[in-house]
file input07.txt (compact mmCIF, C-alpha atoms and all ligand atoms)
# COMPACT_ATOMS: atom_id res chain seq x y z
CA MET A 1 3.48 -20.70 13.32
CA ALA A 2 0.13 -21.44 15.00
CA ALA A 3 0.18 -19.82 18.44
CA ALA A 4 -2.84 -21.48 19.99
CA SER A 5 -3.06 -20.10 23.50
CA ALA A 6 -4.18 -22.39 26.27
CA GLY A 7 -7.08 -21.42 28.49
CA LEU A 8 -9.23 -19.61 25.92
CA ASP A 9 -12.90 -20.47 26.02
CA ARG A 10 -13.65 -20.93 22.35
CA THR A 11 -17.02 -22.58 22.75
CA ALA A 12 -19.10 -19.40 22.55
CA ALA A 13 -16.86 -17.57 20.10
CA PRO A 14 -17.14 -17.35 16.32
CA THR A 15 -14.73 -19.82 14.81
CA LEU A 16 -15.54 -19.75 11.12
CA ARG A 17 -12.58 -20.50 8.92
CA VAL A 18 -11.91 -19.66 5.29
CA ASP A 19 -10.85 -22.21 2.68
CA GLY A 20 -7.09 -21.66 2.83
CA ALA A 21 -6.36 -23.82 -0.23
CA ARG A 22 -8.80 -21.83 -2.37
CA LEU A 23 -7.31 -18.54 -1.17
CA TRP A 24 -3.80 -19.80 -1.98
CA GLY A 25 -4.93 -20.96 -5.42
CA SER A 26 -6.39 -17.53 -6.19
CA LEU A 27 -3.20 -15.79 -5.01
CA MET A 28 -1.07 -18.01 -7.24
CA ALA A 29 -3.38 -17.47 -10.23
CA MET A 30 -3.26 -13.68 -9.78
CA ALA A 31 0.54 -13.82 -9.44
CA GLU A 32 0.75 -15.27 -12.98
CA ILE A 33 -0.36 -11.88 -14.32
CA GLY A 34 2.86 -9.93 -14.74
CA ALA A 35 4.91 -12.82 -13.33
CA THR A 36 8.64 -12.01 -13.07
CA ALA A 37 11.65 -14.24 -13.55
CA LYS A 38 12.49 -14.30 -9.84
CA GLY A 39 9.02 -15.41 -8.74
CA GLY A 40 7.33 -12.07 -8.12
CA SER A 41 4.83 -9.95 -10.04
CA CYS A 42 5.00 -6.65 -11.88
CA ARG A 43 1.60 -5.02 -12.30
CA LEU A 44 2.29 -1.30 -12.27
CA ALA A 45 -0.82 0.79 -11.65
CA LEU A 46 -3.03 1.13 -14.75
CA SER A 47 -0.70 -0.91 -16.94
CA ASP A 48 -2.07 -3.69 -19.16
CA GLU A 49 -1.13 -6.17 -16.42
CA ASP A 50 -3.05 -4.17 -13.80
CA ARG A 51 -6.06 -4.17 -16.12
CA GLU A 52 -5.78 -7.96 -16.50
CA GLY A 53 -5.60 -8.39 -12.72
CA ARG A 54 -8.63 -6.16 -12.24
CA ASP A 55 -10.58 -8.05 -14.91
CA LEU A 56 -9.80 -11.36 -13.20
CA PHE A 57 -10.89 -10.06 -9.79
CA ARG A 58 -14.06 -8.72 -11.32
CA ARG A 59 -14.86 -12.03 -13.00
CA TRP A 60 -14.27 -13.96 -9.77
CA ALA A 61 -16.42 -11.52 -7.79
CA GLU A 62 -19.26 -11.74 -10.32
CA GLU A 63 -19.05 -15.54 -10.24
CA ALA A 64 -19.44 -15.25 -6.45
CA GLY A 65 -22.69 -13.35 -7.01
CA CYS A 66 -21.37 -9.84 -6.33
CA SER A 67 -22.57 -6.67 -7.99
CA ILE A 68 -19.76 -4.39 -9.17
CA VAL A 69 -19.44 -0.62 -8.96
CA ILE A 70 -16.42 1.29 -10.31
CA ASP A 71 -15.84 4.86 -9.24
CA SER A 72 -14.22 7.77 -11.06
CA MET A 73 -10.78 6.87 -9.64
CA GLY A 74 -11.06 3.26 -10.79
CA ASN A 75 -11.67 1.90 -7.31
CA ILE A 76 -13.68 -1.33 -7.65
CA PHE A 77 -16.42 -2.22 -5.13
CA ALA A 78 -17.68 -5.84 -5.23
CA ARG A 79 -20.80 -6.15 -3.09
CA ARG A 80 -22.41 -9.19 -1.51
CA ALA A 81 -25.93 -8.11 -0.62
CA GLY A 82 -27.06 -8.10 3.01
CA ARG A 83 -30.54 -8.33 4.52
CA ASP A 84 -30.66 -4.55 4.95
CA ALA A 85 -29.94 -3.03 1.56
CA SER A 86 -29.89 0.48 3.04
CA ALA A 87 -27.14 -0.34 5.57
CA ALA A 88 -23.63 0.91 4.82
CA PRO A 89 -21.46 -2.08 3.85
CA VAL A 90 -18.80 -3.60 6.02
CA ALA A 91 -15.91 -3.47 3.61
CA THR A 92 -12.43 -4.87 3.16
CA GLY A 93 -9.80 -4.63 0.47
CA SER A 94 -6.39 -3.45 -0.58
CA HIS A 95 -4.62 -3.16 -3.95
CA LEU A 96 -3.66 -5.26 -6.97
CA ASP A 97 -0.94 -2.93 -8.30
CA THR A 98 2.64 -3.82 -7.40
CA GLN A 99 6.14 -2.42 -7.22
CA PRO A 100 8.28 -2.93 -10.37
CA THR A 101 9.93 -5.86 -8.60
CA GLY A 102 6.93 -6.71 -6.44
CA GLY A 103 5.97 -9.91 -4.68
CA LYS A 104 2.87 -12.08 -4.84
CA PHE A 105 1.25 -10.88 -1.62
CA ASP A 106 1.64 -7.13 -0.95
CA GLY A 107 -1.89 -5.80 -1.47
CA VAL A 108 -3.12 -8.81 -3.45
CA TYR A 109 -3.60 -10.74 -0.24
CA GLY A 110 -5.97 -8.12 1.18
CA VAL A 111 -8.10 -8.11 -1.98
CA LEU A 112 -8.29 -11.88 -2.34
CA ALA A 113 -8.82 -12.44 1.40
CA GLY A 114 -11.91 -10.23 0.95
CA LEU A 115 -13.05 -12.32 -2.00
CA GLU A 116 -12.46 -15.48 0.05
CA VAL A 117 -14.64 -14.05 2.87
CA ILE A 118 -17.47 -13.62 0.33
CA ARG A 119 -16.98 -17.07 -1.18
CA ARG A 120 -17.00 -18.67 2.28
CA LEU A 121 -20.12 -16.80 3.41
CA ASN A 122 -21.84 -18.03 0.22
CA GLU A 123 -20.76 -21.59 0.91
CA LEU A 124 -21.96 -21.46 4.51
CA GLY A 125 -25.25 -19.87 3.46
CA ILE A 126 -24.77 -17.03 5.92
CA GLU A 127 -26.79 -13.88 5.36
CA THR A 128 -25.44 -10.71 6.97
CA ASP A 129 -27.47 -7.70 8.04
CA ALA A 130 -25.20 -5.17 6.36
CA PRO A 131 -23.79 -5.85 2.88
CA ILE A 132 -20.19 -7.10 2.63
CA GLU A 133 -17.83 -5.54 0.11
CA ALA A 134 -14.39 -6.39 -1.25
CA ILE A 135 -12.60 -3.35 -2.69
CA VAL A 136 -9.67 -2.84 -5.05
CA TRP A 137 -8.06 0.58 -4.49
CA THR A 138 -6.26 2.24 -7.42
CA ASN A 139 -2.51 2.97 -7.41
CA GLU A 140 -1.70 2.13 -3.80
CA GLU A 141 1.99 1.66 -4.47
CA GLY A 142 2.82 5.06 -5.92
CA ALA A 143 5.57 3.36 -7.92
CA ARG A 144 4.23 4.56 -11.27
CA PHE A 145 2.14 7.57 -10.21
CA ALA A 146 3.12 9.45 -7.03
CA PRO A 147 1.92 9.82 -4.37
CA SER A 148 0.95 6.41 -3.06
CA MET A 149 -2.59 5.41 -2.02
CA ILE A 150 -4.03 7.80 -4.57
CA GLY A 151 -7.37 5.97 -5.09
CA SER A 152 -8.17 5.75 -1.39
CA GLY A 153 -6.71 9.25 -0.86
CA VAL A 154 -9.15 10.85 -3.33
CA PHE A 155 -11.92 8.70 -1.84
CA ALA A 156 -11.15 10.10 1.61
CA GLY A 157 -10.92 13.69 0.33
CA VAL A 158 -7.20 13.96 1.08
CA PHE A 159 -6.23 14.37 -2.59
CA ASP A 160 -8.00 16.34 -5.29
CA GLN A 161 -9.25 14.20 -8.17
CA ALA A 162 -8.26 16.67 -10.90
CA GLU A 163 -4.71 16.77 -9.53
CA ALA A 164 -4.65 12.99 -9.29
CA TYR A 165 -5.76 12.70 -12.95
CA ALA A 166 -2.97 15.12 -13.95
CA THR A 167 -0.22 13.12 -12.20
CA ARG A 168 2.24 11.79 -14.77
CA ASP A 169 4.52 8.77 -14.87
CA LEU A 170 8.15 8.99 -16.00
CA ASP A 171 7.03 8.54 -19.64
CA GLY A 172 4.70 11.54 -19.36
CA LYS A 173 1.44 9.55 -19.38
CA SER A 174 -1.23 10.91 -17.06
CA LEU A 175 -3.14 8.86 -14.54
CA GLY A 176 -6.47 10.12 -15.89
CA GLU A 177 -5.63 9.04 -19.46
CA GLU A 178 -4.36 5.67 -18.34
CA LEU A 179 -7.45 5.10 -16.21
CA ALA A 180 -9.63 5.65 -19.30
CA ARG A 181 -7.32 3.59 -21.52
CA VAL A 182 -7.61 0.50 -19.32
CA GLY A 183 -11.39 0.96 -19.05
CA TYR A 184 -11.59 1.66 -15.34
CA ARG A 185 -12.67 5.32 -15.22
CA GLY A 186 -16.06 4.57 -13.66
CA GLU A 187 -19.28 6.50 -13.30
CA GLU A 188 -19.72 6.74 -9.52
CA PRO A 189 -18.13 9.93 -8.13
CA CYS A 190 -15.13 8.93 -6.05
CA GLY A 191 -15.96 9.31 -2.36
CA ALA A 192 -19.72 8.91 -2.79
CA HIS A 193 -19.67 5.24 -1.83
CA PRO A 194 -20.88 4.67 1.75
CA ILE A 195 -18.68 2.53 4.00
CA GLY A 196 -19.87 1.40 7.44
CA ALA A 197 -16.54 -0.05 8.57
CA PHE A 198 -13.31 -1.07 6.85
CA PHE A 199 -10.83 -3.86 7.57
CA GLU A 200 -7.64 -4.51 5.60
CA ALA A 201 -5.64 -7.73 5.77
CA HIS A 202 -1.99 -7.43 4.70
CA ILE A 203 1.34 -9.17 5.10
CA GLU A 204 3.34 -7.35 7.78
CA GLN A 205 6.20 -6.44 5.39
CA GLY A 206 8.50 -6.37 8.43
CA PRO A 207 10.16 -8.94 10.70
CA VAL A 208 8.28 -8.59 14.02
CA LEU A 209 5.61 -11.31 13.83
CA GLU A 210 8.02 -13.90 12.49
CA ALA A 211 10.65 -13.05 15.11
CA GLU A 212 8.12 -13.42 17.91
CA GLY A 213 6.53 -16.57 16.49
CA ARG A 214 3.11 -14.89 16.20
CA THR A 215 0.56 -15.43 13.47
CA ILE A 216 -1.68 -12.37 13.78
CA GLY A 217 -0.96 -8.67 14.23
CA ALA A 218 -3.79 -6.45 15.48
CA VAL A 219 -2.71 -3.14 13.96
CA VAL A 220 -3.44 -0.13 16.15
CA GLY A 221 -2.13 2.56 13.81
CA ALA A 222 0.43 3.55 11.19
CA GLN A 223 3.50 5.74 11.23
CA GLY A 224 3.73 9.11 9.48
CA MET A 225 5.12 9.24 5.95
CA ASN A 226 6.26 12.23 3.87
CA TRP A 227 7.25 12.11 0.20
CA TYR A 228 9.35 14.77 -1.57
CA ASP A 229 10.58 15.50 -5.09
CA VAL A 230 14.06 17.05 -5.06
CA GLU A 231 15.87 18.57 -8.04
CA LEU A 232 19.51 19.66 -7.99
CA SER A 233 20.95 21.69 -10.85
CA GLY A 234 24.67 22.21 -11.46
CA ALA A 235 26.44 22.37 -14.80
CA GLU A 236 27.17 19.81 -17.49
CA ALA A 237 30.87 19.61 -18.28
CA HIS A 238 33.44 17.42 -20.04
CA ALA A 239 34.39 14.42 -17.90
CA GLY A 240 37.99 14.38 -19.14
CA THR A 241 38.93 18.01 -19.18
CA THR A 242 37.08 19.64 -16.29
CA PRO A 243 39.25 19.77 -13.14
CA MET A 244 37.53 18.39 -10.04
CA ALA A 245 37.65 21.77 -8.29
CA ARG A 246 35.72 23.45 -11.12
CA ARG A 247 32.82 21.02 -11.31
CA ARG A 248 29.23 21.60 -10.27
CA ASP A 249 28.31 17.92 -10.26
CA ALA A 250 24.62 17.51 -9.45
CA TYR A 251 24.91 13.74 -8.98
CA LEU A 252 27.76 14.06 -6.49
CA ALA A 253 25.66 16.51 -4.48
CA ALA A 254 22.67 14.13 -4.63
CA ALA A 255 24.84 11.25 -3.39
CA ARG A 256 26.02 13.38 -0.47
CA VAL A 257 22.40 14.28 0.34
CA ALA A 258 21.46 10.58 0.30
CA ASP A 259 24.28 9.85 2.74
CA ARG A 260 23.14 12.65 5.05
CA LEU A 261 19.55 11.37 4.91
CA ALA A 262 20.71 8.01 6.21
CA ALA A 263 22.49 9.80 9.08
CA ILE A 264 19.33 11.80 9.83
CA ALA A 265 17.28 8.59 9.99
CA HIS A 266 19.83 7.00 12.33
CA ALA A 267 19.74 10.11 14.52
CA HIS A 268 15.98 9.55 14.87
CA GLY A 269 16.34 5.81 15.44
CA PRO A 270 15.22 3.22 16.00
CA HIS A 271 12.00 4.20 14.20
CA GLY A 272 13.13 6.93 11.79
CA VAL A 273 13.71 5.77 8.20
CA ALA A 274 14.76 7.63 5.04
CA THR A 275 14.92 6.36 1.46
CA VAL A 276 16.04 7.74 -1.90
CA GLY A 277 14.36 5.25 -4.22
CA GLN A 278 14.07 6.97 -7.58
CA VAL A 279 16.93 8.87 -9.23
CA GLN A 280 17.11 10.44 -12.67
CA VAL A 281 20.47 11.74 -13.84
CA PHE A 282 20.72 14.18 -16.76
CA PRO A 283 22.01 13.96 -19.40
CA ASN A 284 22.87 10.40 -18.28
CA SER A 285 26.02 10.14 -20.34
CA ARG A 286 29.25 8.43 -19.22
CA ASN A 287 31.56 11.26 -20.16
CA THR A 288 29.50 14.28 -19.15
CA VAL A 289 29.49 15.58 -15.57
CA PRO A 290 25.80 15.41 -14.56
CA GLY A 291 24.16 18.82 -14.75
CA ARG A 292 20.85 17.89 -13.19
CA VAL A 293 19.51 15.19 -10.89
CA ALA A 294 15.91 14.60 -9.83
CA PHE A 295 15.28 12.21 -6.96
CA SER A 296 12.59 11.11 -4.55
CA VAL A 297 12.81 11.14 -0.75
CA ASP A 298 10.63 9.04 1.56
CA LEU A 299 10.82 9.96 5.27
CA ARG A 300 8.87 8.06 7.95
CA HIS A 301 8.49 8.13 11.73
CA PRO A 302 5.67 7.10 14.09
CA GLU A 303 5.79 10.51 15.87
CA ALA A 304 4.73 13.68 14.05
CA ASP A 305 7.30 15.88 15.87
CA ALA A 306 10.16 13.59 14.98
CA LEU A 307 9.04 13.48 11.34
CA ALA A 308 8.97 17.30 11.26
CA ALA A 309 12.49 17.37 12.78
CA MET A 310 13.71 14.96 10.08
CA GLU A 311 12.27 17.22 7.40
CA ALA A 312 14.00 20.27 8.89
CA ALA A 313 17.30 18.39 9.09
CA MET A 314 16.95 17.40 5.41
CA ALA A 315 16.45 21.06 4.42
CA ARG A 316 19.61 22.03 6.35
CA ALA A 317 21.60 19.22 4.76
CA LEU A 318 20.55 20.31 1.27
CA ALA A 319 21.65 23.88 1.94
CA GLU A 320 24.98 22.81 3.47
CA ILE A 321 25.83 20.47 0.61
CA CYS A 322 24.58 22.50 -2.35
CA ASP A 323 25.16 26.16 -1.59
CA PRO A 324 28.99 26.14 -1.21
CA VAL A 325 29.42 24.45 -4.64
CA GLY A 326 26.86 26.52 -6.53
CA ILE A 327 24.26 23.78 -6.98
CA GLU A 328 20.71 25.08 -7.16
CA ARG A 329 18.17 23.10 -5.17
CA ARG A 330 14.41 22.73 -5.37
CA ILE A 331 12.42 20.61 -2.96
CA GLU A 332 8.70 19.92 -3.04
CA ARG A 333 6.77 17.94 -0.45
CA ILE A 334 4.30 15.99 -2.58
CA SER A 335 2.49 14.21 0.24
CA ALA A 336 2.38 14.30 4.02
CA GLU A 337 0.60 11.56 5.89
CA ALA A 338 0.46 12.08 9.62
CA PRO A 339 0.71 9.11 12.00
CA ILE A 340 -2.77 7.68 12.54
CA GLY A 341 -4.59 5.48 15.04
CA PHE A 342 -7.22 2.92 14.01
CA ASP A 343 -10.68 2.65 15.55
CA PRO A 344 -10.55 0.94 18.98
CA ASP A 345 -13.72 -1.08 18.29
CA CYS A 346 -12.33 -2.38 14.99
CA VAL A 347 -9.00 -3.22 16.66
CA GLU A 348 -10.96 -5.03 19.34
CA ALA A 349 -12.98 -6.93 16.71
CA VAL A 350 -9.68 -8.12 15.18
CA ARG A 351 -8.26 -9.07 18.57
CA ALA A 352 -11.41 -10.96 19.59
CA ALA A 353 -11.63 -12.81 16.29
CA ALA A 354 -7.97 -13.80 16.53
CA GLN A 355 -8.36 -15.06 20.09
CA ALA A 356 -11.50 -17.00 19.19
CA LEU A 357 -9.46 -18.76 16.51
CA GLY A 358 -6.75 -19.59 19.04
CA PHE A 359 -4.18 -16.90 18.30
CA GLU A 360 -2.77 -14.35 20.73
CA PRO A 361 -2.46 -11.28 18.49
CA LYS A 362 0.43 -8.84 18.66
CA GLU A 363 -0.52 -5.17 18.92
CA MET A 364 1.55 -3.28 16.39
CA VAL A 365 2.03 -0.03 14.46
CA SER A 366 2.36 -0.34 10.69
CA GLY A 367 5.62 0.85 9.17
CA ALA A 368 4.11 0.76 5.68
CA GLY A 369 1.40 2.99 4.29
CA HIS A 370 -1.92 1.29 3.49
CA ASP A 371 -5.27 2.28 1.99
CA ALA A 372 -6.68 1.66 5.48
CA CYS A 373 -4.77 4.76 6.68
CA PHE A 374 -6.95 7.00 4.49
CA LEU A 375 -10.10 4.99 5.12
CA ALA A 376 -9.61 5.62 8.84
CA SER A 377 -10.67 9.23 8.30
CA VAL A 378 -14.03 8.27 6.75
CA ALA A 379 -15.06 5.03 8.52
CA PRO A 380 -14.15 2.98 11.60
CA THR A 381 -11.12 1.03 10.40
CA GLY A 382 -8.85 -1.81 11.52
CA MET A 383 -6.07 -3.92 10.04
CA ILE A 384 -4.84 -7.48 10.33
CA PHE A 385 -1.19 -8.43 9.72
CA VAL A 386 0.23 -11.88 9.02
CA PRO A 387 3.95 -12.72 8.89
CA CYS A 388 6.11 -12.77 5.77
CA ALA A 389 9.41 -14.60 5.47
CA ASP A 390 12.37 -12.63 6.86
CA GLY A 391 10.15 -9.53 6.86
CA ILE A 392 10.99 -9.03 3.17
CA SER A 393 8.57 -7.11 0.94
CA HIS A 394 8.82 -4.88 -2.16
CA ASN A 395 10.95 -7.71 -3.48
CA GLU A 396 10.15 -10.58 -5.85
CA VAL A 397 11.13 -13.14 -3.19
CA GLU A 398 8.39 -11.91 -0.82
CA SER A 399 6.91 -15.04 0.74
CA ALA A 400 4.19 -16.06 3.21
CA THR A 401 2.79 -19.45 4.20
CA PRO A 402 -0.65 -20.69 3.10
CA GLU A 403 -1.43 -21.41 6.77
CA ASP A 404 -0.67 -17.88 7.99
CA LEU A 405 -2.54 -16.32 5.08
CA ALA A 406 -5.55 -18.50 5.82
CA ALA A 407 -5.39 -17.60 9.52
CA GLY A 408 -5.44 -13.86 8.73
CA ALA A 409 -8.35 -14.30 6.32
CA SER A 410 -10.27 -16.27 8.94
CA VAL A 411 -9.72 -13.42 11.41
CA LEU A 412 -11.00 -11.05 8.72
CA LEU A 413 -14.08 -13.22 8.13
CA ASN A 414 -15.04 -13.28 11.81
CA ALA A 415 -14.27 -9.60 12.44
CA MET A 416 -16.37 -8.55 9.43
CA LEU A 417 -19.20 -10.86 10.40
CA GLU A 418 -19.23 -9.47 13.93
CA ARG A 419 -19.44 -5.96 12.53
CA ALA A 420 -21.98 -6.70 9.78
CA GLY A 421 -24.35 -8.70 12.00
CA ARG A 422 -25.58 -12.17 11.15
CA ALA A 423 -29.12 -12.34 9.84
CA ALA A 424 -29.31 -16.10 9.33
C1 LIG B 1 3.44 1.22 0.54
O1 LIG B 1 3.78 0.36 -0.24
C2 LIG B 1 4.43 1.98 1.29
O2 LIG B 1 5.33 2.53 0.66
O3 LIG B 1 4.37 1.98 2.52
MN MN B 2 0.46 -2.92 0.19
MN MN B 3 3.65 -1.95 -1.22

call {"tool": "encode", "arguments": {"input": "input07.txt", "output": "structure tokens"}}
result
Amino acid sequence: MAAASAGLDRTAAPTLRVDGARLWGSLMAMAEIGATAKGGSCRLALSDEDREGRDLFRRWAEEAGCSIVIDSMGNIFARRAGRDASAAPVATGSHLDTQPTGGKFDGVYGVLAGLEVIRRLNELGIETDAPIEAIVWTNEEGARFAPSMIGSGVFAGVFDQAEAYATRDLDGKSLGEELARVGYRGEEPCGAHPIGAFFEAHIEQGPVLEAEGRTIGAVVGAQGMNWYDVELSGAEAHAGTTPMARRRDAYLAAARVADRLAAIAHAHGPHGVATVGQVQVFPNSRNTVPGRVAFSVDLRHPEADALAAMEAAMARALAEICDPVGIERRIERISAEAPIGFDPDCVEAVRAAAQALGFEPKEMVSGAGHDACFLASVAPTGMIFVPCADGISHNEVESATPEDLAAGASVLLNAMLERAGRAA
């Protein structure tokens, strides 16, 4: 998918390239940890598999000469020293945790592309002015502990650390306890770590780059994303003896709400999206009408006003569906991330690096949430996207080519180098 554009003067431009085969090898080795039958990975945040992945990253980073700092949220900072030890580092990174049926690349690519940048700088004997850091952010996915991007969110001051520690998974285990159990509750206060600029490389997780035959996305911002916990309470009843007209079936109401949410998303198309991804039915018995249902809602839109309108429409739908049949409803918004724009200079650094390598980048807005979205509020930030097959992500079949992954990491290398300054 190389989109070398004719007419670019590449003679004066930085054209360093990473070792794509080494990057691919590291990605495949990391994917073995929590490997799933269908070719993906399952490393839920702060599980034993997540700990193993972190330990491997840490070992690789130490072998590459990095010093390691772990903060109180378990975020890992691997630093390659620069000439000016007092300068804030130019950092990159993403996450090693995955969805339950996750792929090999979502998040992992951004972490290991950062490691590859450090390995390549070592190999080339390049000293930077500012230090270079590769970061692992804790619990980006939000699959085990909601909300998502909790490590970078506490770092950016968006979430409170005590509340983050108290967040529990479906088995009742708290994030704080699990962080200590896996040995990653570090000493440095979360948020104290200086960052001069931040770049995140990631697979696109959507179909645009592939459809347009492009290799690099220069990400200018990310859409808004709201998460909710909804609980509907009706009445448990005998499945054989309770006439349909007398039921207060909480699951039936939840299904109707899910259907309305899809209609609300369509009404705010083409960008509005709505997802019910987690559902718990109580008592979860075949022959008892469900008395209670708890479910998650994920609403997203690139425009804040449209996202607010989707939320209001959801509240109306809940009332219309539940009230006439005597179902009690409780809705809590557990996170609200407004649409954001990345730093124009960082976006330009990505664009220039891509062009110098012979790619015409596509300007795009991220549909997914990323740690970079929170970092954008504390440091100049940019993102690099590379294509993934059929735009599929959050799926074990998630796939990307070694060539595209190497291209994105090379863009990252040159953008970071431009920002950090080259001492020798
Ligand atoms: C991150 O995985 C998201 O849900 O966008
Ligand atoms: Mn991700
Ligand atoms: Mn993800």

call {"tool": "residues_near_ligand", "arguments": {"input": "input07.txt", "ligand": "ligand MN 2 (chain B)", "cutoff": "9 Å", "atoms": "only C-alpha atoms and all ligand atoms", "output": "VMD selection string"}}
result
chain A and resid 94 to 98 105 to 110 140 to 141 202 to 203 205 368 to 371 394

call {"tool": "atom_distance", "arguments": {"input": "input07.txt", "atom1": "atom CA of Ala91 of chain A", "atom2": "atom CA of Ala304 of chain A"}}
result
28.8 Å

call {"tool": "closest_residue", "arguments": {"input": "input07.txt", "among": "A:Gly224, A:Ala306, A:Glu398, A:Leu375", "to": "Glu337 of chain A", "atoms": "only C-alpha atoms"}}
result
A:Gly224

call {"tool": "residues_near_point", "arguments": {"input": "input07.txt", "point": "(-0.8, -18.5, 8.9)", "cutoff": "10 Å", "atoms": "only C-alpha atoms", "output": "VMD selection string"}}
result
chain A and resid 1 to 3 20 214 to 216 386 to 388 400 to 410

call {"tool": "closest_residue", "arguments": {"input": "input07.txt", "among": "A:Gly153, A:Pro131, A:Pro270, A:Gly367", "to": "Ala222 of chain A", "atoms": "all atoms listed in the file"}}
result
A:Gly367

call {"tool": "residues_around", "arguments": {"input": "input07.txt", "residues": "Gly191 of chain A", "least_positions_apart": "3", "cutoff": "10 Å", "atoms": "only C-alpha atoms", "output": "number ranges by chain"}}
result
A: 71-73, 75, 151-157, 188, 194-195, 378

call {"tool": "atom_distance", "arguments": {"input": "input07.txt", "atom1": "atom CA of Leu16 of chain A", "atom2": "atom CA of Arg120 of chain A"}}
result
9.0 Å

call {"tool": "closest_residue", "arguments": {"input": "input07.txt", "among": "A:Asn226, A:Ser393, A:Ser366, A:Thr275", "to": "Ala262 of chain A", "atoms": "all atoms listed in the file"}}
result
A:Thr275

call {"tool": "axis_aligned_box", "arguments": {"input": "input07.txt", "around": "segment 103-110 of chain A", "padding_each_side": "6 Å", "output": "lines of an AutoDock Vina configuration file"}}
result
center_x = 0.0
center_y = -8.9
center_z = -1.8
size_x = 23.9
size_y = 18.3
size_z = 18.0

call {"tool": "closest_residue", "arguments": {"input": "input07.txt", "among": "A:Leu232, A:Ala317, A:Val273, A:Met149", "to": "Pro290 of chain A", "atoms": "all atoms listed in the file"}}
result
A:Leu232

call {"tool": "atom_distance", "arguments": {"input": "input07.txt", "atom1": "atom CA of Ala180 of chain A", "atom2": "atom CA of Asp160 of chain A"}}
result
17.7 Å

call {"tool": "closest_residue", "arguments": {"input": "input07.txt", "among": "A:Cys42, A:Ala353, A:Leu413, A:Val279", "to": "ligand MN 3 (chain B)", "atoms": "only C-alpha atoms and all ligand atoms"}}
result
A:Cys42

call {"tool": "closest_residue", "arguments": {"input": "input07.txt", "among": "A:Ala372, A:Ala130, A:Met310, A:Met416", "to": "ligand LIG 1 (chain B)", "atoms": "only C-alpha atoms and all ligand atoms"}}
result
A:Ala372

call {"tool": "closest_atom_pairs", "arguments": {"input": "input07.txt", "of": "segment 218-330 of chain A", "to": "segment 162-173 of chain A", "cutoff": "12 Å", "atoms": "all atoms listed in the file", "output": "JSON lines"}}
result
{"residue": "A:Gln278", "atom": "CA", "partner": "A:Leu170", "partner_atom": "CA", "distance": 10.5}
{"residue": "A:Val279", "atom": "CA", "partner": "A:Leu170", "partner_atom": "CA", "distance": 11.1}
{"residue": "A:Gln280", "atom": "CA", "partner": "A:Leu170", "partner_atom": "CA", "distance": 9.7}
{"residue": "A:Ala294", "atom": "CA", "partner": "A:Leu170", "partner_atom": "CA", "distance": 11.4}
{"residue": "A:Phe295", "atom": "CA", "partner": "A:Leu170", "partner_atom": "CA", "distance": 12.0}

call {"tool": "residues_around", "arguments": {"input": "input07.txt", "residues": "segment 236-244 of chain A", "least_positions_apart": "3", "cutoff": "6 Å", "atoms": "all atoms listed in the file", "output": "ChimeraX atom specification"}}
result
/A:247,287-291

call {"tool": "residues_around", "arguments": {"input": "input07.txt", "residues": "Ile118 of chain A", "least_positions_apart": "2", "cutoff": "10 Å", "atoms": "all atoms listed in the file", "output": "ChimeraX atom specification"}}
result
/A:18,61,64-66,78-80,112-116,120-124,126,132-134,413

call {"tool": "residues_around", "arguments": {"input": "input07.txt", "residues": "Ala379 of chain A", "least_positions_apart": "6", "cutoff": "8 Å", "atoms": "all atoms listed in the file", "output": "number ranges by chain"}}
result
A: 195-198

call {"tool": "residues_around", "arguments": {"input": "input07.txt", "residues": "Ala254 of chain A", "least_positions_apart": "3", "cutoff": "9 Å", "atoms": "only C-alpha atoms", "output": "list in words"}}
result
Glu231, Leu232, Asp249, Ala250, Tyr251, Val257, Ala258, Asp259, Val293, Ala294, Phe295, Leu318, Ile321 and Cys322 of chain A

call {"tool": "build_atoms", "arguments": {"input": "input07.txt", "residues": "segment 369-373 of chain A", "atoms": "N, CA, C and O atoms", "output": "PDB file, in the coordinates of the input"}}
result
ATOM      1  N   GLY A 369       2.662   2.308   4.537  1.00  0.00           N
ATOM      2  CA  GLY A 369       1.400   2.990   4.290  1.00  0.00           C
ATOM      3  C   GLY A 369       0.395   1.988   3.726  1.00  0.00           C
ATOM      4  O   GLY A 369       0.787   1.021   3.061  1.00  0.00           O
ATOM      5  N   HIS A 370      -0.869   2.191   3.998  1.00  0.00           N
ATOM      6  CA  HIS A 370      -1.920   1.290   3.490  1.00  0.00           C
ATOM      7  C   HIS A 370      -3.152   2.121   3.178  1.00  0.00           C
ATOM      8  O   HIS A 370      -3.381   3.171   3.777  1.00  0.00           O
ATOM      9  N   ASP A 371      -4.004   1.591   2.287  1.00  0.00           N
ATOM     10  CA  ASP A 371      -5.270   2.280   1.990  1.00  0.00           C
ATOM     11  C   ASP A 371      -6.076   2.481   3.267  1.00  0.00           C
ATOM     12  O   ASP A 371      -6.783   3.480   3.415  1.00  0.00           O
ATOM     13  N   ALA A 372      -5.954   1.541   4.204  1.00  0.00           N
ATOM     14  CA  ALA A 372      -6.680   1.660   5.480  1.00  0.00           C
ATOM     15  C   ALA A 372      -6.356   2.967   6.208  1.00  0.00           C
ATOM     16  O   ALA A 372      -7.188   3.492   6.950  1.00  0.00           O
ATOM     17  N   CYS A 373      -5.156   3.509   5.977  1.00  0.00           N
ATOM     18  CA  CYS A 373      -4.770   4.760   6.680  1.00  0.00           C
ATOM     19  C   CYS A 373      -5.685   5.906   6.244  1.00  0.00           C
ATOM     20  O   CYS A 373      -6.066   6.743   7.060  1.00  0.00           O
TER      21      CYS A 373
END
